[in-house]
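This report refers to the structure that appears directly beneath it.
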Amino acid sequence: MPFISVNNHQLHYADSHPDGAPANGLTFFFIHGLGSSQNYYFPLLLYLTSQHRCITADTYGSGRSTYTDQSVSIGSIAADVIGFLDALNIPQAVVVGHSMGGLVVTLLGSEHADRVKGVVAIGPTHPSETLASVMRKRSETAAESGMESLANSIPYQATGSTASPLASSFIRELVLGQNPKGYAALCQAIANAPTIDYSAIQVPFLLIAGEEDKSASLEGCQYIFSRVSSANKKMEVLPQVGHWHCIEAPDTVGKTIAEFVKASF
């Protein structure tokens with residue numbers, strides 16, 4: 001797994017097809033959520049990599065992309081994605097984002113239509129004062145006490161009723177492995193998320209929601225979905241799934257994305 005230099009920082013990533021997408025295949029770029037890493041997506045990639053190029057990256061300040069005290073925002077993460085595509089000479093990609101990454105991919109779809117082939121939003125968070133308040137408190141907790149208390153609560157409070165102990169263990173490891181300063185900075189990025197013009201999204205759009213998601217509620221997901229202008233859009237609600245969709249139900253998420261792509265391109 002290599003590093004790439006984008007916008008004055010080093011980002012860690014994996015690329016299923018470094019020499020380019022297979023014939024008639026697409027390129028996917030995956031953006032994970034808060035407290036996560038590129039590894040969040042690995043359980044579902046097998047449904048895509050036989051036909052498509054899949055690039056997964058650790059967002060600046062997360063995972064193995066070292067936090068170096070640079071400012072970070074939803075806009076700067078989106079700029080990193082564009083920088084990534086430029087560096088790898090990729091004209092367009094289907095962008096896939098979970099939670100915080102859902103903010104990023106909807107922003108990309110609304111403001112960088114020339115670089116976005118399609119948008120897949122998994123449990124996307126919708127900016128609100130309630131969300132901002134929660135993120136400011138999380139930021140304070142991480143900065144003052146580190147990641148352990150969050151790692152001991154998030155895997156159990158943010159998952160659905162059928163989440164396995166193995167899923168919770170994986171989530172705990174993702175959260176516990178975060179740099180507290182990087183995590184706190186990303187909490188602030190979410191708290192200060194911009195207003196996104198969902199109506200500007202006109203490419204194929206798939207929204208995957210969790211029936212039991214308390215972090216990205218069905219109401220918020222429906223708000224986003226109803227305002228997307230794309231003539232080709234679909235919303236899939238996963239029963240008994242919470243906020244960590246790709247770990248709780250990787251087979252369902254992988255098949256849902258693969259089927260949508262097959263029908264749309």
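Quick note on naming: the chains in the structure tokens go A, B, ... in the order shown, residues restart at 1 in each chain, and ligands are numbered from 1 in order of appearance.
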
For this session: Would you list the contacts of Tyr40 of chain A as JSON, numbers by chain, taking every protein, DNA or RNA residue within 8 Å and counting only C-alpha atoms, but skipping same-chain residues closer than 3 positions in sequence?
Result: {"A": [32, 36, 37, 43, 246, 247]}

Exercise. Using only C-alpha atoms, which residues sit within 12 Å of segment 216-229 of chain A once same-chain residues fewer than 5 positions away are excluded, as a ChimeraX atom specification?
Worked result: /A:33,98-103,106-107,109-110,119-128,130-131,158-159,195-211,234-239,241-245

For this session: Using DSSP on the backbone coordinates, identify all residues within segment 47-255 of chain A classified as alpha helix (DSSP H); present the result as a ChimeraX atom specification.
Result: /A:74-87,100-111,129-145,148-151,154-157,165-176,180-191,218-227,245-248,250-255

Problem set entry | Residue list (strand (DSSP E or B), DSSP) for segment 126-219 of chain A, as a list of chain:residue names |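 Result set for segment 126-219 of chain A (strand (DSSP E or B)): A:Phe205, A:Leu206, A:Leu207, A:Ile208, A:Ala209, A:Gly210.
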